[in-house]
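*Asks:* Just data_4.txt, nothing more (compact mmCIF, C-alpha atoms):
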```txt
# COMPACT_ATOMS: atom_id res chain seq x y z
CA MET A 2 130.52 57.11 124.69
CA LYS A 3 131.93 60.56 125.23
CA MET A 4 131.80 63.36 122.69
CA SER A 5 134.90 63.37 120.54
CA LYS A 6 137.26 66.31 120.49
CA ILE A 7 136.41 66.97 116.82
CA GLU A 8 132.68 67.10 117.61
CA LYS A 9 133.31 69.45 120.51
CA ASN A 10 135.43 71.75 118.36
CA ILE A 11 132.79 71.84 115.63
CA ILE A 12 130.01 72.67 118.11
CA ASP A 13 132.14 75.30 119.84
CA PHE A 14 132.94 76.83 116.45
CA CYS A 15 129.25 76.93 115.49
CA ILE A 16 128.28 78.52 118.82
CA LYS A 17 131.05 81.10 118.54
CA HIS A 18 130.05 82.03 114.99
CA LYS A 19 126.29 81.52 115.35
CA ASP A 20 125.46 84.96 113.94
CA TYR A 21 127.39 84.34 110.75
CA LEU A 22 125.94 80.84 110.42
CA PHE A 23 122.44 82.29 110.78
CA ILE A 24 123.11 84.76 107.97
CA LEU A 25 124.69 82.03 105.85
CA ILE A 26 121.66 79.77 106.26
CA LEU A 27 119.26 82.62 105.46
CA THR A 28 121.28 83.47 102.37
CA PHE A 29 121.34 79.84 101.23
CA ILE A 30 117.56 79.44 101.63
CA ALA A 31 116.88 82.76 99.86
CA LEU A 32 119.16 81.73 97.00
CA GLN A 33 117.53 78.30 96.66
CA VAL A 34 114.06 79.86 96.47
CA ARG A 35 115.25 82.20 93.74
CA ILE A 36 116.91 79.40 91.79
CA SER A 37 113.59 77.53 91.81
CA PHE A 38 111.99 80.50 90.00
CA LEU A 39 114.57 80.82 87.22
CA ASP A 40 112.62 78.88 84.59
CA PHE A 41 109.49 81.02 84.95
CA ILE A 42 108.91 83.11 81.82
CA SER A 43 107.04 86.39 82.22
CA GLY A 44 105.35 88.45 79.53
CA ASP A 45 108.01 91.14 79.88
CA TYR A 46 110.70 88.61 79.04
CA VAL A 47 108.81 87.27 76.02
CA TYR A 48 107.92 90.65 74.51
CA PHE A 49 110.87 92.78 75.58
CA LEU A 50 113.91 91.28 77.28
CA GLU A 51 114.35 88.21 75.07
CA PRO A 52 114.01 90.10 71.74
CA TRP A 53 116.45 92.76 72.99
CA SER A 54 118.90 90.07 74.06
CA ASP A 55 118.61 88.32 70.68
CA ILE A 56 119.46 91.55 68.87
CA TYR A 57 122.57 91.99 71.02
CA LYS A 58 123.57 88.40 70.26
CA SER A 59 123.62 89.40 66.61
CA TYR A 60 125.41 92.74 67.00
CA GLY A 61 127.37 92.32 70.23
CA ILE A 62 128.67 95.50 71.84
CA SER A 63 128.28 97.39 68.55
CA GLY A 64 124.50 97.11 69.02
CA LEU A 65 124.74 99.90 71.60
CA LYS A 66 124.57 102.43 68.77
CA TYR A 67 120.96 101.42 68.12
CA ALA A 68 117.87 102.29 70.15
CA ILE A 69 117.20 98.73 71.29
CA GLY A 70 114.34 98.77 73.77
CA ASP A 71 113.47 101.72 75.97
CA TYR A 72 115.79 101.10 78.93
CA ASN A 73 118.65 103.46 79.64
CA CYS A 74 122.16 102.97 78.30
CA ILE A 75 123.84 101.34 81.28
CA TYR A 76 121.37 98.44 81.41
CA ASN A 77 121.70 97.98 77.66
CA THR A 78 125.47 97.89 78.08
CA PHE A 79 125.08 94.92 80.40
CA LEU A 80 122.68 93.22 77.97
CA ALA A 81 125.30 93.68 75.24
CA LEU A 82 128.03 92.21 77.44
CA PHE A 83 125.80 89.31 78.44
CA SER A 84 125.40 88.41 74.76
CA TYR A 85 128.98 87.06 74.82
CA ILE A 86 128.25 84.69 77.70
CA PRO A 87 127.11 81.22 76.55
CA ILE A 88 124.22 81.07 79.02
CA LYS A 89 120.53 81.35 78.18
CA SER A 90 119.54 85.03 78.35
CA LEU A 91 116.63 84.20 80.70
CA TYR A 92 119.08 82.94 83.32
CA ILE A 93 121.80 85.56 82.93
CA ILE A 94 119.30 88.46 83.14
CA LYS A 95 117.68 87.03 86.25
CA MET A 96 120.97 86.17 87.93
CA PHE A 97 122.29 89.67 87.30
CA SER A 98 119.26 91.21 88.99
CA LEU A 99 119.02 88.81 91.92
CA ILE A 100 122.59 89.63 92.95
CA PHE A 101 121.22 93.04 93.89
CA ASP A 102 118.48 91.46 96.01
CA PHE A 103 121.24 90.40 98.37
CA GLY A 104 122.90 93.78 97.94
CA CYS A 105 119.70 95.48 99.11
CA GLY A 106 119.60 93.12 102.08
CA ILE A 107 123.20 94.00 102.98
CA LEU A 108 122.44 97.72 102.72
CA GLY A 109 119.35 97.25 104.89
CA TYR A 110 121.67 95.62 107.43
CA LYS A 111 124.15 98.51 107.15
CA ILE A 112 121.54 101.25 107.51
CA VAL A 113 119.85 99.67 110.53
CA LYS A 114 123.25 98.98 112.11
CA GLU A 115 124.23 102.62 111.53
CA ILE A 116 121.03 103.89 113.16
CA THR A 117 120.45 101.41 115.99
CA ASN A 118 123.89 99.84 116.57
CA ASN A 119 121.91 96.65 117.13
CA LYS A 120 123.27 93.54 115.39
CA ILE A 121 120.14 91.46 115.94
CA LEU A 122 117.88 94.08 114.35
CA SER A 123 120.37 94.41 111.50
CA TYR A 124 120.35 90.67 110.84
CA ILE A 125 116.55 90.64 110.95
CA THR A 126 116.46 93.45 108.39
CA TYR A 127 118.73 91.51 106.03
CA GLY A 128 116.55 88.42 106.29
CA VAL A 129 113.21 90.20 105.96
CA ILE A 130 114.30 92.13 102.86
CA LEU A 131 115.36 88.92 101.13
CA PHE A 132 111.94 87.40 101.72
CA ILE A 133 109.70 90.38 100.94
CA PRO A 134 107.39 88.82 98.29
CA THR A 135 108.00 91.55 95.74
CA VAL A 136 111.77 91.30 96.19
CA LEU A 137 111.54 87.53 95.71
CA PHE A 138 109.38 87.85 92.59
CA ASN A 139 110.92 90.89 90.90
CA SER A 140 114.26 89.48 89.81
CA SER A 141 114.09 85.70 89.89
CA LEU A 142 110.46 85.27 88.75
CA TRP A 143 109.64 88.39 86.72
CA GLY A 144 113.19 88.96 85.45
CA GLN A 145 113.07 92.68 86.17
CA CYS A 146 115.84 94.98 87.39
CA ASP A 147 114.22 97.12 90.10
CA ALA A 148 116.59 95.75 92.74
CA ILE A 149 119.49 97.31 90.82
CA TYR A 150 118.39 100.95 90.89
CA THR A 151 117.05 100.45 94.43
CA PHE A 152 120.45 99.14 95.58
CA PHE A 153 122.19 102.31 94.40
CA ALA A 154 119.39 104.51 95.77
CA LEU A 155 119.85 102.86 99.18
CA LEU A 156 123.59 103.49 98.92
CA GLY A 157 122.76 107.14 98.30
CA ILE A 158 120.50 107.26 101.36
CA TYR A 159 123.11 105.44 103.46
CA PHE A 160 125.77 108.01 102.65
CA LEU A 161 123.29 110.86 103.10
CA ILE A 162 122.68 109.60 106.64
CA LYS A 163 126.47 109.42 107.16
CA GLU A 164 126.74 112.98 105.75
CA LYS A 165 129.08 111.90 102.94
CA TYR A 166 127.33 114.00 100.34
CA LEU A 167 129.57 113.51 97.31
CA LEU A 168 129.29 109.73 97.55
CA SER A 169 125.56 110.03 98.15
CA PHE A 170 125.02 112.01 94.95
CA ILE A 171 127.30 109.75 92.90
CA PHE A 172 125.30 106.66 93.87
CA ALA A 173 122.07 108.59 93.36
CA GLY A 174 123.31 109.30 89.85
CA ILE A 175 124.01 105.61 89.21
CA SER A 176 120.52 104.75 90.47
CA PHE A 177 119.06 107.35 88.10
CA ALA A 178 121.13 105.93 85.25
CA PHE A 179 119.49 102.54 85.73
CA LYS A 180 115.91 103.70 86.21
CA LEU A 181 113.97 106.96 86.05
CA GLN A 182 112.09 105.83 89.19
CA PHE A 183 115.00 107.11 91.29
CA ILE A 184 113.28 110.51 91.10
CA PHE A 185 110.74 109.22 93.63
CA ILE A 186 113.28 110.00 96.38
CA LEU A 187 114.73 113.13 94.77
CA PRO A 188 112.47 115.32 97.00
CA VAL A 189 114.40 114.00 100.01
CA TYR A 190 117.61 115.49 98.62
CA ILE A 191 115.83 118.78 97.89
CA ILE A 192 114.28 118.98 101.37
CA TYR A 193 117.63 118.08 102.95
CA TYR A 194 119.34 120.79 100.87
CA ILE A 195 116.91 123.48 102.04
CA VAL A 196 116.68 122.43 105.69
CA LYS A 197 120.26 121.38 106.48
CA LYS A 198 122.19 123.69 104.11
CA ARG A 199 125.09 121.21 104.01
CA TYR A 200 125.83 121.03 100.28
CA SER A 201 125.72 123.26 97.22
CA ILE A 202 122.91 123.18 94.67
CA LEU A 203 125.64 122.25 92.18
CA TYR A 204 125.67 118.77 93.73
CA PHE A 205 122.41 118.08 91.93
CA LEU A 206 124.30 118.32 88.63
CA ILE A 207 126.21 115.19 89.65
CA ILE A 208 123.10 113.06 89.03
CA PRO A 209 122.71 113.79 85.28
CA LEU A 210 126.51 113.91 84.90
CA VAL A 211 126.83 110.35 86.22
CA ASN A 212 124.04 109.33 83.86
CA ILE A 213 126.06 110.66 80.91
CA ILE A 214 129.23 108.94 82.14
CA CYS A 215 127.33 105.65 82.32
CA ALA A 216 126.29 106.20 78.69
CA ILE A 217 129.88 106.53 77.42
CA PRO A 218 129.96 103.00 75.89
CA SER A 219 126.85 103.85 73.83
CA LEU A 220 128.36 107.18 72.76
CA ILE A 221 131.58 105.45 71.73
CA MET A 222 129.61 102.94 69.66
CA GLY A 223 127.90 105.80 67.81
CA ARG A 224 124.57 106.47 69.49
CA SER A 225 123.72 110.16 69.38
CA PHE A 226 123.88 112.30 72.52
CA LYS A 227 120.38 113.63 71.78
CA GLU A 228 118.92 110.11 71.70
CA ILE A 229 120.51 109.33 75.06
CA ILE A 230 119.19 112.49 76.67
CA MET A 231 115.69 111.80 75.34
CA ILE A 232 115.39 108.20 76.64
CA TYR A 233 113.61 109.13 79.86
CA PHE A 234 111.50 111.80 78.19
CA ASN A 235 110.33 109.22 75.66
CA GLN A 236 109.53 106.75 78.45
CA THR A 237 107.13 109.20 80.08
CA THR A 238 105.17 109.61 76.83
CA SER A 239 105.25 105.99 75.65
CA TYR A 240 102.01 105.07 77.48
CA SER A 241 98.76 106.99 77.12
CA ASN A 242 97.01 105.55 80.19
CA TYR A 243 97.45 107.52 83.40
CA VAL A 244 97.88 104.28 85.35
CA LEU A 245 98.83 100.73 84.38
CA ASN A 246 98.04 97.95 86.85
CA PHE A 247 98.63 100.06 89.97
CA PRO A 248 96.14 101.08 92.70
CA ASN A 249 96.50 104.86 92.89
CA MET A 250 94.12 107.79 92.62
CA TYR A 251 93.71 107.41 88.85
CA GLN A 252 91.88 104.13 89.38
CA PHE A 253 88.73 105.93 90.53
CA ILE A 254 89.23 109.39 89.03
CA GLY A 255 89.42 108.23 85.42
CA GLN A 256 91.13 109.41 82.24
CA TYR A 257 90.58 113.11 81.43
CA ASP A 258 92.61 115.62 79.45
CA ASN A 259 95.30 117.41 81.48
CA LEU A 260 94.54 115.35 84.59
CA ASP A 261 98.14 114.17 84.46
CA LYS A 262 99.35 117.76 84.88
CA LEU A 263 97.02 118.18 87.85
CA GLY A 264 98.49 115.05 89.43
CA ILE A 265 102.00 116.46 89.07
CA LEU A 266 100.92 119.74 90.67
CA ILE A 267 99.23 117.90 93.56
CA THR A 268 102.43 115.91 94.15
CA ILE A 269 104.57 119.06 94.20
CA LEU A 270 102.07 120.70 96.56
CA ILE A 271 102.20 117.78 99.00
CA PHE A 272 106.00 117.84 99.09
CA GLY A 273 105.85 121.61 99.55
CA LEU A 274 103.55 121.16 102.55
CA ILE A 275 105.90 118.57 104.03
CA LEU A 276 108.82 120.99 103.66
CA TYR A 277 106.74 123.79 105.20
CA TYR A 278 105.83 121.59 108.17
CA ILE A 279 109.48 120.58 108.75
CA LEU A 280 110.57 124.23 108.67
CA LYS A 281 107.62 125.40 110.79
CA LYS A 282 108.16 122.80 113.51
CA LYS A 283 111.96 123.06 113.25
CA ILE A 284 112.24 119.30 112.84
CA THR A 285 115.75 117.91 112.81
CA LEU A 286 116.50 115.78 109.78
CA ASN A 287 118.13 112.90 111.60
CA SER A 288 118.58 109.38 110.30
CA ASN A 289 115.04 108.39 111.33
CA SER A 290 113.40 111.27 109.52
CA ILE A 291 115.56 110.79 106.41
CA LEU A 292 114.42 107.18 106.19
CA PHE A 293 110.79 108.11 106.77
CA LEU A 294 110.93 110.87 104.18
CA SER A 295 112.49 108.46 101.67
CA MET A 296 109.74 105.92 102.23
CA ILE A 297 106.85 108.39 102.18
CA SER A 298 108.35 110.10 99.13
CA VAL A 299 108.02 106.87 97.12
CA VAL A 300 104.49 106.35 98.43
CA ILE A 301 103.36 109.89 97.53
CA ALA A 302 104.97 109.78 94.09
CA THR A 303 103.40 106.46 93.13
CA TYR A 304 99.98 107.42 94.42
CA PHE A 305 99.60 110.90 92.96
CA LEU A 306 101.86 110.98 89.90
CA PRO A 307 100.46 109.80 86.55
CA TYR A 308 101.79 106.94 84.41
CA MET A 309 102.61 104.64 87.32
CA HIS A 310 103.12 100.94 86.59
CA ASP A 311 102.91 97.76 88.64
CA ARG A 312 106.50 97.55 89.93
CA TYR A 313 107.00 101.19 90.83
CA LEU A 314 106.47 100.79 94.59
CA PHE A 315 109.36 98.31 94.83
CA MET A 316 111.76 100.75 96.50
CA GLY A 317 109.02 101.72 98.96
CA ASP A 318 108.63 98.08 100.02
CA ILE A 319 112.27 97.84 101.08
CA LEU A 320 112.39 101.31 102.64
CA SER A 321 109.27 100.59 104.70
CA VAL A 322 110.92 97.49 106.22
CA ILE A 323 114.20 99.31 106.94
CA TRP A 324 112.38 102.26 108.51
CA TYR A 325 110.05 100.12 110.62
CA ILE A 326 112.84 97.96 112.07
CA SER A 327 115.15 100.89 112.74
CA ASN A 328 112.30 102.86 114.32
CA LYS A 329 111.75 100.03 116.85
CA ASN A 330 108.08 100.91 117.45
CA LYS A 331 105.74 97.94 117.04
CA LYS A 332 102.61 100.06 116.57
CA TYR A 333 103.82 101.10 113.10
CA LEU A 334 103.79 97.55 111.76
CA TYR A 335 100.82 98.54 109.59
CA VAL A 336 103.18 100.70 107.48
CA PRO A 337 105.38 97.98 105.89
CA ILE A 338 102.49 95.49 105.79
CA SER A 339 100.16 97.83 103.89
CA ILE A 340 102.84 99.10 101.51
CA CYS A 341 104.10 95.60 100.70
CA LEU A 342 100.52 94.30 100.30
CA VAL A 343 99.64 97.04 97.81
CA SER A 344 102.83 96.40 95.87
CA PHE A 345 102.44 92.61 95.93
CA SER A 346 98.85 92.83 94.64
CA THR A 347 100.17 94.35 91.40
CA TYR A 348 102.65 91.50 90.96
CA ILE A 349 99.96 88.85 91.45
CA LYS A 350 97.73 90.64 88.95
CA TYR A 351 100.40 90.90 86.25
CA LEU A 352 102.15 87.55 86.69
CA PHE A 353 99.17 85.29 87.42
CA ASP A 354 96.12 87.42 86.52
CA ILE A 355 94.81 87.09 90.07
CA THR A 356 93.07 90.08 91.68
CA ILE A 357 93.39 89.99 95.47
CA ILE A 358 91.32 93.16 95.96
CA ASP A 359 89.67 95.26 93.28
CA PHE A 360 92.18 98.01 92.44
CA ARG A 361 89.61 100.77 92.92
CA ILE A 362 88.92 99.58 96.43
CA LEU A 363 92.61 99.00 97.09
CA SER A 364 93.44 102.52 95.93
CA LEU A 365 90.99 103.93 98.50
CA LEU A 366 92.43 101.72 101.23
CA TYR A 367 95.91 102.83 100.25
CA LEU A 368 94.85 106.47 100.44
CA PHE A 369 93.49 105.81 103.93
CA VAL A 370 96.88 104.38 104.97
CA ILE A 371 98.65 107.46 103.58
CA ILE A 372 96.31 109.74 105.55
CA ILE A 373 96.97 107.75 108.73
CA MET A 374 100.71 108.04 108.19
CA PHE A 375 100.42 111.81 107.80
CA TYR A 376 98.24 111.95 110.89
CA ASP A 377 101.09 110.26 112.75
CA ILE A 378 103.42 113.01 111.56
CA ILE A 379 101.34 115.91 112.86
CA ASN A 380 100.05 114.26 116.03
CA LYS A 381 102.53 115.16 118.76
CA LYS A 382 101.90 111.95 120.68
CA ARG A 383 102.76 109.80 117.66
CA LEU A 384 105.39 111.90 115.93
CA LEU A 385 107.30 109.97 113.29
CA LEU A 386 109.69 112.73 112.36
CA LYS A 387 111.33 112.91 115.77
CA ASN A 388 112.81 116.17 117.05
```
Could the structure of this file be written out as structure tokens, please?
*Replies:*
Amino acid sequence: MKMSKIEKNIIDFCIKHKDYLFILILTFIALQVRISFLDFISGDYVYFLEPWSDIYKSYGISGLKYAIGDYNCIYNTFLALFSYIPIKSLYIIKMFSLIFDFGCGILGYKIVKEITNNKILSYITYGVILFIPTVLFNSSLWGQCDAIYTFFALLGIYFLIKEKYLLSFIFAGISFAFKLQFIFILPVYIIYYIVKKRYSILYFLIIPLVNIICAIPSLIMGRSFKEIIMIYFNQTTSYSNYVLNFPNMYQFIGQYDNLDKLGILITILIFGLILYYILKKKITLNSNSILFLSMISVVIATYFLPYMHDRYLFMGDILSVIWYISNKNKKYLYVPISICLVSFSTYIKYLFDITIIDFRILSLLYLFVIIIMFYDIINKKRLLLKN
């Protein structure tokens, strides 16, 4: 029996559109995995997200005038809006965040496509990002929102690479409005400003301005401007421990007075040395170096700054994958693997109380990886920041 004309047309259609079908299948599988996690209840949901959501169910949008939780205004605005939707808060919070998982995957695709003009590598980037363990766990299992601020941070980086500076700073501002952790890549904008001289210092005012614009619903509802400005300052002082469930230098240094200030100074010094090296060697800030600087900026910040928590390397996980694939050099596979492993170990510890590697040992191993990465920068034969 011969193949029917309908069968032939279907097969021909599938072959013609095989790339899109591949992406569609990847997306479907990634979505199904996330759906299977939706009923998992984390400690953060029990002690924070659920009580906040319950308060908004009582007050509705008018609850924005109160200091409910310690997240910034724009996320609280969404929680208030979600209170009107007749869906269990556990599901609506997770579904809101996991949308941005796919957004991060799409931006990974766009950035790699912009740099390499290679569709296959771009598709691979999309798929890998969706299945990074921390990306899988963060939204659909943990119920956290790190994919949201990371999505807008990636948009900022994407437009920085395309030299569309106004758009880059606007999206950087939205990222900052969702989470303070955006500042981990702020040094990239500062280094770019000094080295390239392409935009005014006044552009940096866009970031806090966008944050204020995002807080307009809370201001309208009656929350004071001072309270809104102080949200991030209060976050930095809400925990006394220098580190919480994260393998950085404070794991083996300990808790001493003013050590947090020393950590901040060390971080500034390291970024200053990076800037000095770029200027000294006259390194061109191309798309490759912007990506690398973004990734290493998150790594440095989370390792040397005080008050780091378990999820704070999330943006570094995604950036390491995007950089590695766009760089097209197999010998740097250790970079995304080590970064994602360090990050994932914190998730396993918090969610399931399982310690893969003692955090003191892991912090030393992580430091070794950072040193190796910097060695690759200064070694001419293995230069990551390409001229």
*Asks:* Write out as number ranges by chain the residues lying within 12 Å of Gln182 of chain A, counting only C-alpha atoms and excluding same-chain residues fewer than 4 positions away.
*Replies:* A: 72-73, 146-151, 153-154, 173-178, 186-187, 233, 236-237, 298-300, 302-303, 306, 308-310, 312-317
*Asks:* Could you tell me which of A:Ile158, A:Arg224, A:Tyr351, A:Leu365 comes closest to Phe293 of chain A if we count all atoms listed in the file?
*Replies:* A:Ile158
*Asks:* Identify which of the residues A:Leu80, A:Ser288, A:Ser339, A:Asp71 lies closest to Ile232 of chain A, counting all atoms listed in the file when measuring atom-to-atom distances.
*Replies:* A:Asp71
*Asks:* Could you pull out every residue with an atom within 12 Å of (124.4, 120.9, 91.6), file coordinates, counting all atoms listed in the file, and send them as an MDAnalysis selection string?
*Replies:* chainID A and resid 166:167 170:171 174 190:191 194 200:210
*Asks:* Using all atoms listed in the file, can you list as a ChimeraX atom specification the residues within 7 Å of (97.0, 98.3, 98.2)?
*Replies:* /A:248,339-340,342-344,346,363-364,366-367
*Asks:* Could you give me, as a PyMOL selection string, the residues within 10 Å of segment 29-46 of chain A, counting only C-alpha atoms and dropping anything in the same chain fewer than 6 positions from it?
*Replies:* chain A and resi 23+52-54+90-96+99-100+102-103+128+131-132+137-138+140-145+351-353
*Asks:* Selection from above, C-alpha atoms, as a tab-separated table (two decimals), keeping the file's coordinate frame, can you write it?
*Replies:*
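Dumped to result_3.tsv:
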```tsv
chain	number	residue	atom	x	y	z
A	23	PHE	CA	122.44	82.29	110.78
A	52	PRO	CA	114.01	90.10	71.74
A	53	TRP	CA	116.45	92.76	72.99
A	54	SER	CA	118.90	90.07	74.06
A	90	SER	CA	119.54	85.03	78.35
A	91	LEU	CA	116.63	84.20	80.70
A	92	TYR	CA	119.08	82.94	83.32
A	93	ILE	CA	121.80	85.56	82.93
A	94	ILE	CA	119.30	88.46	83.14
A	95	LYS	CA	117.68	87.03	86.25
A	96	MET	CA	120.97	86.17	87.93
A	99	LEU	CA	119.02	88.81	91.92
A	100	ILE	CA	122.59	89.63	92.95
A	102	ASP	CA	118.48	91.46	96.01
A	103	PHE	CA	121.24	90.40	98.37
A	128	GLY	CA	116.55	88.42	106.29
A	131	LEU	CA	115.36	88.92	101.13
A	132	PHE	CA	111.94	87.40	101.72
A	137	LEU	CA	111.54	87.53	95.71
A	138	PHE	CA	109.38	87.85	92.59
A	140	SER	CA	114.26	89.48	89.81
A	141	SER	CA	114.09	85.70	89.89
A	142	LEU	CA	110.46	85.27	88.75
A	143	TRP	CA	109.64	88.39	86.72
A	144	GLY	CA	113.19	88.96	85.45
A	145	GLN	CA	113.07	92.68	86.17
A	351	TYR	CA	100.40	90.90	86.25
A	352	LEU	CA	102.15	87.55	86.69
A	353	PHE	CA	99.17	85.29	87.42
```
*Asks:* Quick one: of A:Tyr333, A:Phe49, A:Ile291, A:Ile254, who's nearest to Lys163 of chain A, counting all atoms listed in the file?
*Replies:*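 When distances to Lys163 of chain A are compared using all atoms listed in the file, the smallest one comes from A:Ile291.
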*Asks:* One number please: atom CA of Thr268 of chain A to atom CA of Ile301 of chain A, in Å, one decimal.
*Replies:*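 Going from atom CA of Thr268 of chain A over to atom CA of Ile301 of chain A covers 7.0 Å.
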